[in-house]
Amino acid sequence: MTRKEWKIQAVRALAGTDAPVLTAQLLLCHVLGLDRVALIAHSEEDVPAEAQTVLDAFLARRLSGEPLAYILGSREFYGRDFEVNAHTLIPRPETEHIIEEALAFFDRQGRTGEPVRFLDLGTGSGCIAVTLAAERPTWHGTALDISAGALDTARRNAAAHGAELEFLLADFTGPLPFGEASFDLIVSNPPYISEKEYAELDAGVRDFEPRSALVPGPEGMEHPRAVAEAARRLLRPGGLFLMEHGWLQGEACRALCAGPAWGHVHTVRDLAGKDRCLYAERV
């Protein structure tokens, strides 16, 4: 079977799923070790029998609903490829707003090349912490997670991108081993989906991504509250707190940073115009 023939067969099988043509191309590129230009230019070449066996197995996994990122073992985030697996969520484009807001904040202060100490609560794959450290090599970051598997993945991603970070296995809902006002920046994409919302999620998310990284409790605000409390204690005056949240949680999350300890509190919206990220400066 040629590459073109396998792609046609796969696209037919994937009809009704998200981006069947792109999925078939990416599977072929991944298994055959090609880029898409080479795949198209040499589409009439045969697929080796061993490669076809792997391709067919990957196709079956995708048809079962497994996200393509887990099959390929990676997902792009802010221009870099990150390893993902059953221990981690798949990075989403909306989370890139945290990176953009953090970089812009310190650039406005003229601190682009200065040391900035930051903490990532619930780092998962490490996509936020690794990206910040890679974009600003003078920054010093700590990536924290309760999952040893996720933390191991974050370490590998940091090594792959030459990002120097400290890693800490800990639960951010409990006491943390940091003194008050230890950080200039605290970022987090915590679990924030309620039990009711989880039951209504797409099966590809519900059946494959780690539930513990999605659902903090019945109402969905349990972990955002814990993160905001940690930020209140650990941020230095003049520091920045950024936290991703659900699109219906903007008001509730802003309320977490009410009072004289916080300033410039507002919600960052994603490209779809939905509330996505809490922004708050520590006074």
# chains A, B, ... in the order shown; residues from 1 in each chain; ligands from 1
$ residues_around --residues "stretch 8-23 of chain A" --least-positions-apart "6" --cutoff "9 Å" --atoms "only C-alpha atoms" --output "list in words"
Asp56, Leu59, Arg62, Leu63, Gly65 and Leu68 of chain A
$ closest_atom_pairs --of "stretch 166-240 of chain A" --to "stretch 103-110 of chain A" --cutoff "10 Å" --atoms "only C-alpha atoms" --output "CSV"
residue,atom,partner,partner_atom,distance
A:Asp184,CA,A:Phe106,CA,9.7
A:Leu185,CA,A:Phe106,CA,9.5
A:Gly239,CA,A:Phe106,CA,9.4
A:Leu240,CA,A:Phe105,CA,8.0
$ write_last_selection --atoms "N, CA and C atoms" --output "mmCIF file, in the first residue's frame"
data_model
loop_
_atom_site.group_PDB
_atom_site.id
_atom_site.type_symbol
_atom_site.label_atom_id
_atom_site.label_comp_id
_atom_site.auth_asym_id
_atom_site.auth_seq_id
_atom_site.Cartn_x
_atom_site.Cartn_y
_atom_site.Cartn_z
ATOM 1 N N ASP A 184 7.845 36.808 42.554
ATOM 2 C CA ASP A 184 7.416 37.967 41.766
ATOM 3 C C ASP A 184 6.223 37.637 40.876
ATOM 4 N N LEU A 185 6.054 36.354 40.585
ATOM 5 C CA LEU A 185 5.016 35.918 39.655
ATOM 6 C C LEU A 185 4.502 34.554 40.093
ATOM 7 N N GLY A 239 3.999 42.157 42.633
ATOM 8 C CA GLY A 239 4.007 40.914 41.868
ATOM 9 C C GLY A 239 2.714 40.691 41.112
ATOM 10 N N LEU A 240 2.717 39.682 40.255
ATOM 11 C CA LEU A 240 1.580 39.392 39.385
ATOM 12 C C LEU A 240 1.076 37.975 39.597
#
$ select_by_dssp --residues "stretch 66-232 of chain A" --states "strand (DSSP E or B)" --output "short mmCIF file (atom, residue, chain, number, x, y, z; two decimals) with N, CA, C and O atoms, in the first residue's frame"
data_model
loop_
_atom_site.label_atom_id
_atom_site.label_comp_id
_atom_site.auth_asym_id
_atom_site.auth_seq_id
_atom_site.Cartn_x
_atom_site.Cartn_y
_atom_site.Cartn_z
N SER A 74 2.89 14.12 21.88
CA SER A 74 3.30 15.51 22.04
C SER A 74 2.22 16.45 21.55
O SER A 74 1.32 16.06 20.79
N ARG A 75 2.32 17.71 21.99
CA ARG A 75 1.44 18.78 21.53
C ARG A 75 2.22 20.08 21.53
O ARG A 75 3.01 20.35 22.44
N GLU A 76 2.00 20.90 20.52
CA GLU A 76 2.68 22.18 20.41
C GLU A 76 2.05 23.19 21.35
O GLU A 76 0.83 23.25 21.51
N PHE A 77 2.92 23.99 22.00
CA PHE A 77 2.46 25.05 22.88
C PHE A 77 3.45 26.20 22.78
O PHE A 77 4.65 26.03 23.01
N ARG A 80 6.58 25.47 20.80
CA ARG A 80 7.46 24.37 21.20
C ARG A 80 6.63 23.09 21.35
O ARG A 80 5.47 23.13 21.74
N ASP A 81 7.27 21.96 21.08
CA ASP A 81 6.60 20.66 21.27
C ASP A 81 6.81 20.19 22.69
O ASP A 81 7.94 20.19 23.21
N PHE A 82 5.71 19.76 23.32
CA PHE A 82 5.75 19.26 24.69
C PHE A 82 5.27 17.82 24.74
O PHE A 82 4.23 17.47 24.15
N GLU A 83 6.04 16.99 25.44
CA GLU A 83 5.60 15.62 25.68
C GLU A 83 4.33 15.64 26.52
O GLU A 83 4.22 16.38 27.51
N ARG A 117 11.51 35.72 39.99
CA ARG A 117 11.25 34.42 40.60
C ARG A 117 9.76 34.09 40.44
O ARG A 117 8.91 34.89 40.86
N PHE A 118 9.47 32.92 39.84
CA PHE A 118 8.07 32.58 39.62
C PHE A 118 7.76 31.17 40.10
O PHE A 118 8.65 30.31 40.24
N LEU A 119 6.48 30.94 40.34
CA LEU A 119 5.98 29.66 40.83
C LEU A 119 4.80 29.24 39.97
O LEU A 119 3.87 30.02 39.73
N ASP A 120 4.84 28.00 39.48
CA ASP A 120 3.76 27.42 38.69
C ASP A 120 3.08 26.35 39.53
O ASP A 120 3.67 25.29 39.80
N LEU A 121 1.85 26.61 39.94
CA LEU A 121 1.10 25.70 40.81
C LEU A 121 0.27 24.74 39.98
O LEU A 121 -0.66 25.15 39.27
N HIS A 140 13.85 32.67 37.31
CA HIS A 140 14.06 31.47 38.13
C HIS A 140 12.70 30.91 38.55
O HIS A 140 11.96 31.56 39.28
N GLY A 141 12.38 29.71 38.08
CA GLY A 141 11.05 29.17 38.31
C GLY A 141 11.02 27.89 39.12
O GLY A 141 11.97 27.11 39.09
N THR A 142 9.92 27.70 39.82
CA THR A 142 9.64 26.45 40.52
C THR A 142 8.34 25.88 39.97
O THR A 142 7.32 26.57 39.93
N ALA A 143 8.39 24.65 39.52
CA ALA A 143 7.22 23.96 38.98
C ALA A 143 6.76 22.93 39.99
O ALA A 143 7.52 22.02 40.36
N LEU A 144 5.53 23.04 40.42
CA LEU A 144 4.99 22.20 41.50
C LEU A 144 3.82 21.38 41.00
O LEU A 144 2.96 21.88 40.27
N ASP A 145 3.77 20.12 41.42
CA ASP A 145 2.62 19.28 41.09
C ASP A 145 2.49 18.17 42.12
O ASP A 145 3.50 17.73 42.72
N LEU A 165 14.78 24.84 35.78
CA LEU A 165 13.69 24.99 36.73
C LEU A 165 13.95 24.14 37.96
O LEU A 165 14.67 23.14 37.89
N GLU A 166 13.31 24.50 39.06
CA GLU A 166 13.24 23.62 40.22
C GLU A 166 11.90 22.91 40.18
O GLU A 166 10.89 23.48 39.75
N PHE A 167 11.88 21.66 40.64
CA PHE A 167 10.65 20.88 40.62
C PHE A 167 10.32 20.42 42.03
O PHE A 167 11.20 19.99 42.77
N LEU A 168 9.05 20.52 42.36
CA LEU A 168 8.63 20.19 43.72
C LEU A 168 7.37 19.34 43.69
O LEU A 168 6.35 19.74 43.10
N LEU A 169 7.45 18.16 44.31
CA LEU A 169 6.28 17.29 44.45
C LEU A 169 5.53 17.73 45.71
O LEU A 169 6.01 17.56 46.83
N PHE A 183 7.80 35.28 45.83
CA PHE A 183 7.78 35.23 44.36
C PHE A 183 7.31 36.54 43.74
O PHE A 183 6.49 37.26 44.32
N ASP A 184 7.84 36.81 42.55
CA ASP A 184 7.42 37.97 41.77
C ASP A 184 6.22 37.64 40.88
O ASP A 184 5.50 38.54 40.45
N LEU A 185 6.05 36.35 40.59
CA LEU A 185 5.02 35.92 39.65
C LEU A 185 4.50 34.55 40.09
O LEU A 185 5.30 33.66 40.38
N ILE A 186 3.18 34.41 40.15
CA ILE A 186 2.58 33.10 40.39
C ILE A 186 1.59 32.83 39.27
O ILE A 186 0.73 33.66 38.97
N VAL A 187 1.74 31.67 38.65
CA VAL A 187 0.88 31.27 37.54
C VAL A 187 0.27 29.91 37.86
O VAL A 187 0.86 29.11 38.60
N SER A 188 -0.89 29.66 37.29
CA SER A 188 -1.53 28.37 37.54
C SER A 188 -2.63 28.11 36.52
O SER A 188 -3.36 29.03 36.13
#
$ residues_around --residues "A:Thr88" --least-positions-apart "2" --cutoff "6 Å" --atoms "only C-alpha atoms" --output "list of chain:residue names"
A:Val84, A:Asn85, A:Ala86, A:Gly124, A:Ser125, A:Ala150
$ closest_residue --among "A:Pro237, A:Gly204, A:Pro190, A:Gly259" --to "A:Glu281" --atoms "only C-alpha atoms"
A:Pro237
$ atom_distance --atom1 "atom CA of A:Val54" --atom2 "atom CA of A:Leu28"
9.8 Å
$ select_by_dssp --residues "stretch 30-192 of chain A" --states "alpha helix (DSSP H)" --output "ChimeraX atom specification"
/A:30-32,36-41,49-63,68-72,96-108,127-135,148-160
$ residues_around --residues "A:Glu100" --least-positions-apart "3" --cutoff "12 Å" --atoms "only C-alpha atoms" --output "short mmCIF file (atom, residue, chain, number, x, y, z; two decimals) with C-alpha atoms, in the first residue's frame"
data_model
loop_
_atom_site.label_atom_id
_atom_site.label_comp_id
_atom_site.auth_asym_id
_atom_site.auth_seq_id
_atom_site.Cartn_x
_atom_site.Cartn_y
_atom_site.Cartn_z
CA TYR A 78 3.77 28.56 22.27
CA PRO A 93 -4.04 27.42 23.01
CA GLU A 94 -6.09 29.38 25.58
CA THR A 95 -3.40 28.77 28.19
CA GLU A 96 -0.93 30.76 26.09
CA HIS A 97 -2.66 33.92 27.39
CA LEU A 103 5.89 38.51 29.60
CA ALA A 104 4.08 41.77 28.82
CA PHE A 105 3.78 42.71 32.50
CA PHE A 106 7.50 42.48 33.23
CA ASP A 107 8.43 44.00 29.87
CA ILE A 128 3.71 27.17 31.33
CA THR A 131 7.87 28.29 28.29
CA LEU A 132 8.45 31.13 30.75
CA GLU A 135 11.47 32.76 26.87
CA VAL A 187 0.88 31.27 37.54
CA LEU A 242 -2.33 34.81 36.67
CA VAL A 268 -8.41 38.21 30.39
CA ASP A 270 -9.54 34.29 25.05
CA CYS A 277 -7.74 34.04 32.94
CA TYR A 279 -5.18 38.86 36.31
#
$ residues_around --residues "stretch 209-211 of chain A" --least-positions-apart "5" --cutoff "10 Å" --atoms "only C-alpha atoms" --output "number ranges by chain"
A: 66-67, 70, 85-90, 191, 193, 198, 203-204, 216
$ closest_residue --among "A:Arg282, A:Phe178, A:Phe208, A:Lys7" --to "A:Ala258" --atoms "only C-alpha atoms"
A:Arg282
$ residues_around --residues "A:Asp171" --least-positions-apart "4" --cutoff "12 Å" --atoms "only C-alpha atoms" --output "short mmCIF file (atom, residue, chain, number, x, y, z; two decimals) with C-alpha atoms, in the first residue's frame"
data_model
loop_
_atom_site.label_atom_id
_atom_site.label_comp_id
_atom_site.auth_asym_id
_atom_site.auth_seq_id
_atom_site.Cartn_x
_atom_site.Cartn_y
_atom_site.Cartn_z
CA LEU A 121 1.10 25.70 40.81
CA GLY A 122 -0.06 22.44 39.23
CA THR A 123 2.49 22.40 36.42
CA ALA A 143 7.22 23.96 38.98
CA LEU A 144 4.99 22.20 41.50
CA ASP A 145 2.62 19.28 41.09
CA ILE A 146 1.00 16.61 43.25
CA SER A 147 1.52 13.97 40.53
CA ALA A 148 4.95 12.35 40.37
CA PRO A 175 1.06 24.22 53.42
CA LEU A 176 3.89 25.01 51.02
CA PRO A 177 7.59 25.24 51.94
CA PRO A 190 -5.54 24.44 38.21
CA HIS A 223 -8.64 24.60 43.71
CA ALA A 226 -6.57 27.43 47.18
CA VAL A 227 -4.36 28.88 44.46
CA ALA A 230 -1.36 30.75 48.09
#
$ closest_residue --among "A:Pro137, A:Arg233, A:Gly179, A:Phe172" --to "A:Gly113" --atoms "only C-alpha atoms"
A:Pro137
$ closest_residue --among "A:Met221, A:Ala133, A:Leu271, A:Ala51" --to "A:Gly250" --atoms "only C-alpha atoms"
A:Met221
$ decode --residues "stretch 173-190 of chain A" --atoms "N, CA, C and O atoms" --output "PDB file, in the first residue's frame"
ATOM      1  N   THR A 173      -2.909  22.692  47.827  1.00  0.00           N
ATOM      2  CA  THR A 173      -4.040  22.984  48.713  1.00  0.00           C
ATOM      3  C   THR A 173      -3.630  22.921  50.182  1.00  0.00           C
ATOM      4  O   THR A 173      -4.430  23.251  51.065  1.00  0.00           O
ATOM      5  N   GLY A 174      -2.401  22.494  50.447  1.00  0.00           N
ATOM      6  CA  GLY A 174      -1.893  22.429  51.815  1.00  0.00           C
ATOM      7  C   GLY A 174      -0.744  23.394  52.004  1.00  0.00           C
ATOM      8  O   GLY A 174      -0.420  24.194  51.121  1.00  0.00           O
ATOM      9  N   PRO A 175      -0.086  23.334  53.163  1.00  0.00           N
ATOM     10  CA  PRO A 175       1.062  24.216  53.423  1.00  0.00           C
ATOM     11  C   PRO A 175       2.177  23.994  52.405  1.00  0.00           C
ATOM     12  O   PRO A 175       2.465  22.858  52.031  1.00  0.00           O
ATOM     13  N   LEU A 176       2.794  25.089  51.982  1.00  0.00           N
ATOM     14  CA  LEU A 176       3.885  25.012  51.016  1.00  0.00           C
ATOM     15  C   LEU A 176       5.177  25.511  51.662  1.00  0.00           C
ATOM     16  O   LEU A 176       5.154  26.410  52.507  1.00  0.00           O
ATOM     17  N   PRO A 177       6.309  24.946  51.266  1.00  0.00           N
ATOM     18  CA  PRO A 177       7.591  25.243  51.935  1.00  0.00           C
ATOM     19  C   PRO A 177       8.256  26.520  51.435  1.00  0.00           C
ATOM     20  O   PRO A 177       9.442  26.535  51.110  1.00  0.00           O
ATOM     21  N   PHE A 178       7.489  27.597  51.387  1.00  0.00           N
ATOM     22  CA  PHE A 178       8.030  28.882  50.951  1.00  0.00           C
ATOM     23  C   PHE A 178       7.677  29.944  51.984  1.00  0.00           C
ATOM     24  O   PHE A 178       6.604  29.915  52.584  1.00  0.00           O
ATOM     25  N   GLY A 179       8.571  30.883  52.158  1.00  0.00           N
ATOM     26  CA  GLY A 179       8.284  31.999  53.039  1.00  0.00           C
ATOM     27  C   GLY A 179       7.327  32.976  52.391  1.00  0.00           C
ATOM     28  O   GLY A 179       7.110  32.961  51.165  1.00  0.00           O
ATOM     29  N   GLU A 180       6.732  33.835  53.188  1.00  0.00           N
ATOM     30  CA  GLU A 180       5.818  34.838  52.651  1.00  0.00           C
ATOM     31  C   GLU A 180       6.561  35.771  51.706  1.00  0.00           C
ATOM     32  O   GLU A 180       7.743  36.056  51.880  1.00  0.00           O
ATOM     33  N   ALA A 181       5.826  36.226  50.678  1.00  0.00           N
ATOM     34  CA  ALA A 181       6.361  37.174  49.696  1.00  0.00           C
ATOM     35  C   ALA A 181       7.651  36.653  49.057  1.00  0.00           C
ATOM     36  O   ALA A 181       8.657  37.350  48.980  1.00  0.00           O
ATOM     37  N   SER A 182       7.613  35.396  48.582  1.00  0.00           N
ATOM     38  CA  SER A 182       8.807  34.773  48.002  1.00  0.00           C
ATOM     39  C   SER A 182       8.910  34.927  46.490  1.00  0.00           C
ATOM     40  O   SER A 182       9.977  34.708  45.923  1.00  0.00           O
ATOM     41  N   PHE A 183       7.801  35.283  45.826  1.00  0.00           N
ATOM     42  CA  PHE A 183       7.782  35.229  44.362  1.00  0.00           C
ATOM     43  C   PHE A 183       7.312  36.541  43.745  1.00  0.00           C
ATOM     44  O   PHE A 183       6.490  37.263  44.319  1.00  0.00           O
ATOM     45  N   ASP A 184       7.845  36.808  42.554  1.00  0.00           N
ATOM     46  CA  ASP A 184       7.416  37.967  41.766  1.00  0.00           C
ATOM     47  C   ASP A 184       6.223  37.637  40.876  1.00  0.00           C
ATOM     48  O   ASP A 184       5.499  38.537  40.449  1.00  0.00           O
ATOM     49  N   LEU A 185       6.054  36.354  40.585  1.00  0.00           N
ATOM     50  CA  LEU A 185       5.016  35.918  39.655  1.00  0.00           C
ATOM     51  C   LEU A 185       4.502  34.554  40.093  1.00  0.00           C
ATOM     52  O   LEU A 185       5.303  33.658  40.380  1.00  0.00           O
ATOM     53  N   ILE A 186       3.183  34.407  40.146  1.00  0.00           N
ATOM     54  CA  ILE A 186       2.579  33.098  40.390  1.00  0.00           C
ATOM     55  C   ILE A 186       1.586  32.830  39.272  1.00  0.00           C
ATOM     56  O   ILE A 186       0.728  33.662  38.966  1.00  0.00           O
ATOM     57  N   VAL A 187       1.741  31.669  38.649  1.00  0.00           N
ATOM     58  CA  VAL A 187       0.880  31.272  37.542  1.00  0.00           C
ATOM     59  C   VAL A 187       0.269  29.910  37.864  1.00  0.00           C
ATOM     60  O   VAL A 187       0.859  29.112  38.600  1.00  0.00           O
ATOM     61  N   SER A 188      -0.895  29.662  37.295  1.00  0.00           N
ATOM     62  CA  SER A 188      -1.534  28.367  37.540  1.00  0.00           C
ATOM     63  C   SER A 188      -2.634  28.109  36.524  1.00  0.00           C
ATOM     64  O   SER A 188      -3.361  29.033  36.133  1.00  0.00           O
ATOM     65  N   ASN A 189      -2.719  26.871  36.122  1.00  0.00           N
ATOM     66  CA  ASN A 189      -3.883  26.373  35.378  1.00  0.00           C
ATOM     67  C   ASN A 189      -4.421  25.197  36.186  1.00  0.00           C
ATOM     68  O   ASN A 189      -4.184  24.038  35.864  1.00  0.00           O
ATOM     69  N   PRO A 190      -5.132  25.497  37.277  1.00  0.00           N
ATOM     70  CA  PRO A 190      -5.545  24.439  38.206  1.00  0.00           C
ATOM     71  C   PRO A 190      -6.770  23.692  37.707  1.00  0.00           C
ATOM     72  O   PRO A 190      -7.446  24.141  36.769  1.00  0.00           O
TER      73      PRO A 190
END
